[in-house]
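Structure file structure_25.cif (mmCIF, C-alpha atoms, pLDDT in the B column; chains and numbers go by the auth columns) is printed below.
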```
data_final
loop_
_atom_site.group_PDB
_atom_site.id
_atom_site.type_symbol
_atom_site.label_atom_id
_atom_site.label_comp_id
_atom_site.label_asym_id
_atom_site.label_seq_id
_atom_site.Cartn_x
_atom_site.Cartn_y
_atom_site.Cartn_z
_atom_site.B_iso_or_equiv
_atom_site.auth_seq_id
_atom_site.auth_asym_id
ATOM 1 C CA MET A 1 -1.083 -5.149 19.763 87.00 1 A
ATOM 2 C CA THR A 2 -4.625 -6.513 19.670 90.00 2 A
ATOM 3 C CA GLU A 3 -7.009 -6.344 16.729 89.00 3 A
ATOM 4 C CA GLU A 4 -9.024 -3.617 18.449 92.00 4 A
ATOM 5 C CA GLU A 5 -5.855 -1.600 19.066 92.00 5 A
ATOM 6 C CA TRP A 6 -4.865 -2.078 15.408 88.00 6 A
ATOM 7 C CA GLN A 7 -8.201 -0.711 14.193 90.00 7 A
ATOM 8 C CA LYS A 8 -7.964 2.375 16.438 91.00 8 A
ATOM 9 C CA CYS A 9 -4.215 2.974 16.311 88.00 9 A
ATOM 10 C CA GLU A 10 -2.997 6.350 15.032 86.00 10 A
ATOM 11 C CA ASP A 11 0.714 5.610 15.437 82.00 11 A
ATOM 12 C CA PRO A 12 2.193 4.199 12.216 82.00 12 A
ATOM 13 C CA HIS A 13 5.383 3.178 14.056 78.00 13 A
ATOM 14 C CA ALA A 14 3.434 0.955 16.452 83.00 14 A
ATOM 15 C CA MET A 15 1.524 -0.493 13.510 86.00 15 A
ATOM 16 C CA LEU A 16 4.716 -1.236 11.567 82.00 16 A
ATOM 17 C CA GLU A 17 6.231 -2.866 14.656 83.00 17 A
ATOM 18 C CA ALA A 18 3.149 -5.077 14.954 85.00 18 A
ATOM 19 C CA LEU A 19 3.570 -6.115 11.304 82.00 19 A
ATOM 20 C CA CYS A 20 7.250 -6.990 11.558 71.00 20 A
ATOM 21 C CA PRO A 21 8.797 -9.221 10.436 71.00 21 A
ATOM 22 C CA GLY A 22 5.993 -10.076 7.996 74.00 22 A
ATOM 23 C CA ALA A 23 5.803 -6.740 6.192 79.00 23 A
ATOM 24 C CA SER A 24 7.102 -7.018 2.633 79.00 24 A
ATOM 25 C CA ASP A 25 9.697 -4.601 1.296 75.00 25 A
ATOM 26 C CA ARG A 26 7.342 -3.776 -1.587 77.00 26 A
ATOM 27 C CA LYS A 27 4.516 -2.717 0.691 82.00 27 A
ATOM 28 C CA LEU A 28 6.866 -0.740 2.947 79.00 28 A
ATOM 29 C CA CYS A 29 8.205 1.108 -0.092 75.00 29 A
ATOM 30 C CA LEU A 30 4.674 1.840 -1.340 78.00 30 A
ATOM 31 C CA LEU A 31 3.780 3.222 2.088 80.00 31 A
ATOM 32 C CA SER A 32 6.876 5.397 1.974 75.00 32 A
ATOM 33 C CA LEU A 33 6.012 6.709 -1.466 72.00 33 A
ATOM 34 C CA TYR A 34 2.516 7.602 -0.339 75.00 34 A
ATOM 35 C CA CYS A 35 3.859 9.471 2.662 72.00 35 A
ATOM 36 C CA HIS A 36 6.318 11.479 0.630 66.00 36 A
ATOM 37 C CA ARG A 37 3.934 12.229 -2.192 66.00 37 A
ATOM 38 C CA GLN A 38 1.042 13.324 0.005 63.00 38 A
ATOM 39 C CA LEU A 39 2.587 14.610 3.179 57.00 39 A
ATOM 40 C CA CYS A 40 5.970 16.173 2.481 55.00 40 A
ATOM 41 C CA PRO A 41 5.400 19.643 1.033 50.00 41 A
ATOM 42 C CA MET A 42 9.052 20.262 0.225 48.00 42 A
ATOM 43 C CA PHE A 43 8.743 17.837 -2.683 49.00 43 A
ATOM 44 C CA SER A 44 5.269 18.762 -3.888 49.00 44 A
ATOM 45 C CA GLY A 45 5.087 19.232 -7.611 51.00 45 A
ATOM 46 C CA GLU A 46 8.150 17.076 -8.290 51.00 46 A
ATOM 47 C CA VAL A 47 6.874 14.101 -10.255 50.00 47 A
ATOM 48 C CA GLU A 48 10.026 12.585 -11.737 54.00 48 A
ATOM 49 C CA PRO A 49 11.532 11.334 -8.453 53.00 49 A
ATOM 50 C CA TYR A 50 8.222 9.726 -7.493 55.00 50 A
ATOM 51 C CA GLU A 51 7.993 7.991 -10.832 60.00 51 A
ATOM 52 C CA ALA A 52 11.537 6.721 -10.434 56.00 52 A
ATOM 53 C CA TYR A 53 10.759 5.323 -7.000 56.00 53 A
ATOM 54 C CA GLU A 54 7.408 3.916 -8.071 59.00 54 A
ATOM 55 C CA ARG A 55 9.256 1.596 -10.429 56.00 55 A
ATOM 56 C CA ILE A 56 9.875 -0.462 -7.299 56.00 56 A
ATOM 57 C CA ASP A 57 6.503 -1.975 -7.971 57.00 57 A
ATOM 58 C CA ASP A 58 7.714 -3.461 -11.255 55.00 58 A
ATOM 59 C CA PHE A 59 10.308 -5.585 -9.465 50.00 59 A
ATOM 60 C CA GLY A 60 9.894 -8.766 -7.447 55.00 60 A
ATOM 61 C CA ASP A 61 12.634 -7.359 -5.241 57.00 61 A
ATOM 62 C CA PRO A 62 12.076 -3.598 -4.966 57.00 62 A
ATOM 63 C CA MET A 63 15.564 -2.719 -3.813 62.00 63 A
ATOM 64 C CA PRO A 64 17.183 -2.570 -7.294 65.00 64 A
ATOM 65 C CA ALA A 65 14.652 0.081 -8.287 60.00 65 A
ATOM 66 C CA VAL A 66 15.148 1.949 -5.007 61.00 66 A
ATOM 67 C CA ARG A 67 18.909 1.979 -5.607 65.00 67 A
ATOM 68 C CA ALA A 68 18.437 3.113 -9.228 65.00 68 A
ATOM 69 C CA ALA A 69 16.078 5.906 -8.163 61.00 69 A
ATOM 70 C CA ARG A 70 18.509 6.918 -5.419 64.00 70 A
ATOM 71 C CA GLU A 71 21.277 7.206 -8.044 69.00 71 A
ATOM 72 C CA GLN A 72 19.037 9.368 -10.272 63.00 72 A
ATOM 73 C CA HIS A 73 17.897 11.560 -7.375 57.00 73 A
ATOM 74 C CA PRO A 74 20.634 11.356 -4.717 59.00 74 A
ATOM 75 C CA ASP A 75 19.265 14.090 -2.468 54.00 75 A
ATOM 76 C CA TYR A 76 15.658 13.072 -2.652 52.00 76 A
ATOM 77 C CA TRP A 77 15.363 10.670 0.291 50.00 77 A
ATOM 78 C CA GLU A 78 17.781 9.664 2.960 50.00 78 A
ATOM 79 C CA PHE A 79 17.522 6.079 4.040 46.00 79 A
ATOM 80 C CA ASP A 80 19.820 3.294 5.106 45.00 80 A
ATOM 81 C CA GLY A 81 19.528 1.245 1.915 46.00 81 A
ATOM 82 C CA THR A 82 16.829 -1.129 3.144 51.00 82 A
ATOM 83 C CA ALA A 83 13.118 -0.880 2.484 50.00 83 A
ATOM 84 C CA ARG A 84 12.379 -1.086 6.216 54.00 84 A
ATOM 85 C CA GLY A 85 14.783 1.788 6.875 57.00 85 A
ATOM 86 C CA PHE A 86 13.203 3.624 3.963 53.00 86 A
ATOM 87 C CA ALA A 87 9.747 3.285 5.523 55.00 87 A
ATOM 88 C CA GLU A 88 10.989 4.328 8.960 57.00 88 A
ATOM 89 C CA CYS A 89 12.666 7.405 7.482 53.00 89 A
ATOM 90 C CA ILE A 90 9.474 8.501 5.770 53.00 90 A
ATOM 91 C CA THR A 91 7.026 7.772 8.575 50.00 91 A
ATOM 92 C CA ARG A 92 8.867 9.512 11.388 54.00 92 A
ATOM 93 C CA PRO A 93 6.902 12.498 12.723 50.00 93 A
ATOM 94 C CA SER A 94 9.424 15.157 11.734 50.00 94 A
ATOM 95 C CA ALA A 95 9.348 14.000 8.118 49.00 95 A
ATOM 96 C CA VAL A 96 5.622 13.581 7.725 45.00 96 A
ATOM 97 C CA GLY A 97 4.034 16.378 9.714 50.00 97 A
ATOM 98 C CA PRO A 98 0.438 15.223 10.184 55.00 98 A
ATOM 99 C CA TRP A 99 1.612 11.636 10.644 59.00 99 A
ATOM 100 C CA ARG A 100 -1.610 10.377 12.186 61.00 100 A
ATOM 101 C CA SER A 101 -3.041 10.486 8.682 76.00 101 A
ATOM 102 C CA VAL A 102 -0.582 7.704 7.793 82.00 102 A
ATOM 103 C CA ALA A 103 -2.316 5.125 10.036 87.00 103 A
ATOM 104 C CA PRO A 104 -5.312 4.641 7.681 90.00 104 A
ATOM 105 C CA ILE A 105 -2.861 4.131 4.815 89.00 105 A
ATOM 106 C CA VAL A 106 -1.042 1.442 6.797 89.00 106 A
ATOM 107 C CA ARG A 107 -4.418 -0.331 7.185 91.00 107 A
ATOM 108 C CA GLU A 108 -5.153 0.233 3.469 93.00 108 A
ATOM 109 C CA ILE A 109 -1.874 -1.339 2.371 91.00 109 A
ATOM 110 C CA PHE A 110 -1.516 -4.101 4.947 91.00 110 A
ATOM 111 C CA GLY A 111 -5.151 -4.895 5.740 91.00 111 A
ATOM 112 C CA ASN A 112 -5.935 -6.447 9.097 90.00 112 A
ATOM 113 C CA PRO A 113 -3.072 -8.727 10.170 89.00 113 A
ATOM 114 C CA PHE A 114 -5.355 -10.203 12.844 88.00 114 A
ATOM 115 C CA HIS A 115 -7.914 -11.235 10.245 86.00 115 A
ATOM 116 C CA PRO A 116 -6.006 -12.296 7.121 88.00 116 A
ATOM 117 C CA VAL A 117 -7.977 -13.144 4.000 91.00 117 A
ATOM 118 C CA ALA A 118 -7.002 -15.842 1.543 91.00 118 A
ATOM 119 C CA VAL A 119 -8.120 -15.455 -2.043 91.00 119 A
ATOM 120 C CA GLU A 120 -10.376 -18.250 -3.203 93.00 120 A
ATOM 121 C CA PRO A 121 -9.663 -19.568 -6.715 93.00 121 A
ATOM 122 C CA ARG A 122 -13.278 -19.047 -7.786 94.00 122 A
ATOM 123 C CA TRP A 123 -12.849 -15.293 -7.228 95.00 123 A
ATOM 124 C CA GLN A 124 -10.095 -15.191 -9.867 93.00 124 A
ATOM 125 C CA THR A 125 -12.427 -14.856 -12.841 96.00 125 A
ATOM 126 C CA GLU A 126 -11.228 -13.157 -15.982 96.00 126 A
ATOM 127 C CA THR A 127 -13.463 -10.171 -15.186 97.00 127 A
ATOM 128 C CA VAL A 128 -12.240 -9.807 -11.587 96.00 128 A
ATOM 129 C CA VAL A 129 -8.593 -10.011 -12.607 96.00 129 A
ATOM 130 C CA ALA A 130 -9.106 -7.531 -15.473 97.00 130 A
ATOM 131 C CA ILE A 131 -10.829 -5.003 -13.207 97.00 131 A
ATOM 132 C CA ALA A 132 -8.196 -5.404 -10.476 96.00 132 A
ATOM 133 C CA THR A 133 -5.404 -5.040 -13.035 94.00 133 A
ATOM 134 C CA GLY A 134 -6.952 -1.834 -14.397 94.00 134 A
ATOM 135 C CA ILE A 135 -7.419 -0.391 -10.921 94.00 135 A
ATOM 136 C CA TYR A 136 -3.825 -1.166 -10.074 89.00 136 A
ATOM 137 C CA ALA A 137 -2.246 0.076 -13.304 86.00 137 A
ATOM 138 C CA GLU A 138 -4.311 3.245 -13.568 87.00 138 A
ATOM 139 C CA ARG A 139 -4.733 3.972 -9.844 86.00 139 A
ATOM 140 C CA ALA A 140 -8.450 3.978 -10.620 92.00 140 A
ATOM 141 C CA PHE A 141 -9.656 3.343 -7.079 93.00 141 A
ATOM 142 C CA ASP A 142 -13.062 4.760 -7.954 95.00 142 A
ATOM 143 C CA ARG A 143 -13.601 1.365 -9.665 96.00 143 A
ATOM 144 C CA LEU A 144 -13.347 -0.590 -6.406 97.00 144 A
ATOM 145 C CA PRO A 145 -17.167 -0.789 -6.049 97.00 145 A
ATOM 146 C CA ILE A 146 -17.278 -2.307 -9.552 97.00 146 A
ATOM 147 C CA LEU A 147 -14.664 -4.810 -8.386 97.00 147 A
ATOM 148 C CA ALA A 148 -16.881 -5.634 -5.383 97.00 148 A
ATOM 149 C CA ASP A 149 -19.806 -6.359 -7.716 97.00 149 A
ATOM 150 C CA ALA A 150 -17.623 -8.593 -9.909 97.00 150 A
ATOM 151 C CA LEU A 151 -16.335 -10.410 -6.830 97.00 151 A
ATOM 152 C CA GLU A 152 -19.881 -11.062 -5.630 97.00 152 A
ATOM 153 C CA GLU A 153 -20.779 -12.427 -9.050 96.00 153 A
ATOM 154 C CA ALA A 154 -17.740 -14.713 -8.736 96.00 154 A
ATOM 155 C CA GLY A 155 -19.021 -16.038 -5.414 95.00 155 A
ATOM 156 C CA CYS A 156 -17.130 -13.858 -2.955 95.00 156 A
ATOM 157 C CA ASP A 157 -19.064 -13.382 0.255 95.00 157 A
ATOM 158 C CA ASN A 158 -16.168 -12.150 2.389 95.00 158 A
ATOM 159 C CA GLY A 159 -17.445 -9.101 4.254 94.00 159 A
ATOM 160 C CA ASP A 160 -13.972 -7.639 4.816 94.00 160 A
ATOM 161 C CA VAL A 161 -13.152 -7.718 1.098 95.00 161 A
ATOM 162 C CA LEU A 162 -16.508 -6.413 -0.089 96.00 162 A
ATOM 163 C CA SER A 163 -16.786 -3.660 2.515 95.00 163 A
ATOM 164 C CA HIS A 164 -13.242 -2.527 1.792 95.00 164 A
ATOM 165 C CA CYS A 165 -14.019 -2.222 -1.920 96.00 165 A
ATOM 166 C CA ARG A 166 -17.214 -0.311 -1.208 96.00 166 A
ATOM 167 C CA GLY A 167 -15.734 1.813 1.557 93.00 167 A
ATOM 168 C CA PRO A 168 -14.676 5.430 1.251 89.00 168 A
ATOM 169 C CA GLY A 169 -10.971 4.698 1.548 82.00 169 A
ATOM 170 C CA PRO A 170 -8.411 6.063 1.527 86.00 170 A
ATOM 171 C CA HIS A 171 -7.319 3.817 -1.322 90.00 171 A
ATOM 172 C CA VAL A 172 -3.790 3.785 -2.717 87.00 172 A
ATOM 173 C CA ARG A 173 -1.481 1.615 -4.791 83.00 173 A
ATOM 174 C CA GLY A 174 -0.737 -1.397 -2.649 86.00 174 A
ATOM 175 C CA CYS A 175 -4.403 -1.730 -1.575 92.00 175 A
ATOM 176 C CA TRP A 176 -4.566 -5.061 0.246 94.00 176 A
ATOM 177 C CA VAL A 177 -7.621 -6.291 -1.704 95.00 177 A
ATOM 178 C CA VAL A 178 -6.227 -5.470 -5.143 95.00 178 A
ATOM 179 C CA ASP A 179 -2.860 -6.954 -4.159 93.00 179 A
ATOM 180 C CA LEU A 180 -4.604 -10.072 -2.829 93.00 180 A
ATOM 181 C CA LEU A 181 -6.445 -10.573 -6.113 95.00 181 A
ATOM 182 C CA LEU A 182 -3.336 -9.926 -8.221 92.00 182 A
ATOM 183 C CA ARG A 183 -1.224 -12.084 -5.890 90.00 183 A
ATOM 184 C CA LYS A 184 1.223 -9.303 -5.097 86.00 184 A
ATOM 185 C CA GLU A 185 3.077 -9.329 -1.778 77.00 185 A
#
```
Write the structure described by the file as structure tokens, please.
Amino acid sequence: MTEEEWQKCEDPHAMLEALCPGASDRKLCLLSLYCHRQLCPMFSGEVEPYEAYERIDDFGDPMPAVRAAREQHPDYWEFDGTARGFAECITRPSAVGPWRSVAPIVREIFGNPFHPVAVEPRWQTETVVAIATGIYAERAFDRLPILADALEEAGCDNGDVLSHCRGPGPHVRGCWVVDLLLRKE
């Protein structure tokens, strides 16, 4: 897949294949959670299973939390026990319905693999880290433009980072810019 194809792609499977093997289990699980929460009506209104699965984000290795959530909610998701299998289960067309809407979320979570961005130490000011931490913890993605302003004040002139923060989204937990700043994989 080329960068131009990545930017225009509407097939999350093709995008995930292009990312492999570099896609982290954490990000694959976050993508899966988004898909289930937003796109699978049979589970709408059920918060507890989502909260159980979202604990994956508190682990360096998300699989212990996935297994614990699976034990608590055994009929909630079927997957083969791996995060990659988990993501594939959730993003298949029969499970998701309007699965083209998943492609922008793949770009939101994984960024542009053809144009990776490295965080510069000078961007890691106390203010930038505090704003990013608040956005992450509270899912307060409406604060991304504030983060962009703080990044500029810290010397960030990366157009991809700044335009992402000021863009309309969609923005979700696992946002590549917030993760970059908080050094999450």
*Expected selection from the PyMOL selection byres ((chain A and resi 101-108) around 8), given as JSON, numbers by chain*: {"A": [7, 9, 10, 11, 12, 15, 16, 31, 35, 91, 98, 99, 100, 109, 110, 111, 112, 169, 170, 171, 172, 174, 175, 176]}
_Which residues are near segment 120-127 of chain A? Cut-off 12 Å, all atoms listed in the file, ignore same chain within fewer than 3 positions. Put them as a list in words._
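The neighbour list is Val117, Ala130, Ile131, Ala132, Thr133, Gly134, Ile146, Leu147, Ala148, Asp149, Ala150, Leu151, Glu152, Glu153, Ala154, Gly155, Cys156, Asp157, Asn158, Val161, Leu162, Val177, Val178, Leu180, Leu181, Leu182 and Arg183 of chain A.
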Could you write those residues out with C-alpha atoms, as a PDB file, keeping the file's coordinate frame?
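Listed below is the output, out-v2.pdb:
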```pdb
ATOM      1  CA  VAL A 117      -7.977 -13.144   4.000  1.00 91.00           C
ATOM      2  CA  ALA A 130      -9.106  -7.531 -15.473  1.00 97.00           C
ATOM      3  CA  ILE A 131     -10.829  -5.003 -13.207  1.00 97.00           C
ATOM      4  CA  ALA A 132      -8.196  -5.404 -10.476  1.00 96.00           C
ATOM      5  CA  THR A 133      -5.404  -5.040 -13.035  1.00 94.00           C
ATOM      6  CA  GLY A 134      -6.952  -1.834 -14.397  1.00 94.00           C
ATOM      7  CA  ILE A 146     -17.278  -2.307  -9.552  1.00 97.00           C
ATOM      8  CA  LEU A 147     -14.664  -4.810  -8.386  1.00 97.00           C
ATOM      9  CA  ALA A 148     -16.881  -5.634  -5.383  1.00 97.00           C
ATOM     10  CA  ASP A 149     -19.806  -6.359  -7.716  1.00 97.00           C
ATOM     11  CA  ALA A 150     -17.623  -8.593  -9.909  1.00 97.00           C
ATOM     12  CA  LEU A 151     -16.335 -10.410  -6.830  1.00 97.00           C
ATOM     13  CA  GLU A 152     -19.881 -11.062  -5.630  1.00 97.00           C
ATOM     14  CA  GLU A 153     -20.779 -12.427  -9.050  1.00 96.00           C
ATOM     15  CA  ALA A 154     -17.740 -14.713  -8.736  1.00 96.00           C
ATOM     16  CA  GLY A 155     -19.021 -16.038  -5.414  1.00 95.00           C
ATOM     17  CA  CYS A 156     -17.130 -13.858  -2.955  1.00 95.00           C
ATOM     18  CA  ASP A 157     -19.064 -13.382   0.255  1.00 95.00           C
ATOM     19  CA  ASN A 158     -16.168 -12.150   2.389  1.00 95.00           C
ATOM     20  CA  VAL A 161     -13.152  -7.718   1.098  1.00 95.00           C
ATOM     21  CA  LEU A 162     -16.508  -6.413  -0.089  1.00 96.00           C
ATOM     22  CA  VAL A 177      -7.621  -6.291  -1.704  1.00 95.00           C
ATOM     23  CA  VAL A 178      -6.227  -5.470  -5.143  1.00 95.00           C
ATOM     24  CA  LEU A 180      -4.604 -10.072  -2.829  1.00 93.00           C
ATOM     25  CA  LEU A 181      -6.445 -10.573  -6.113  1.00 95.00           C
ATOM     26  CA  LEU A 182      -3.336  -9.926  -8.221  1.00 92.00           C
ATOM     27  CA  ARG A 183      -1.224 -12.084  -5.890  1.00 90.00           C
TER      28      ARG A 183
END
```
Taking all listed atoms of segment 115-122 of chain A, build the axis-aligned box, pad each of the six sides by 6 Å, then write its centre and edge lengths in Å to one decimal as lines of an AutoDock Vina configuration file.
```
center_x = -9.6
center_y = -15.4
center_z = 1.2
size_x = 19.3
size_y = 20.3
size_z = 30.0
```
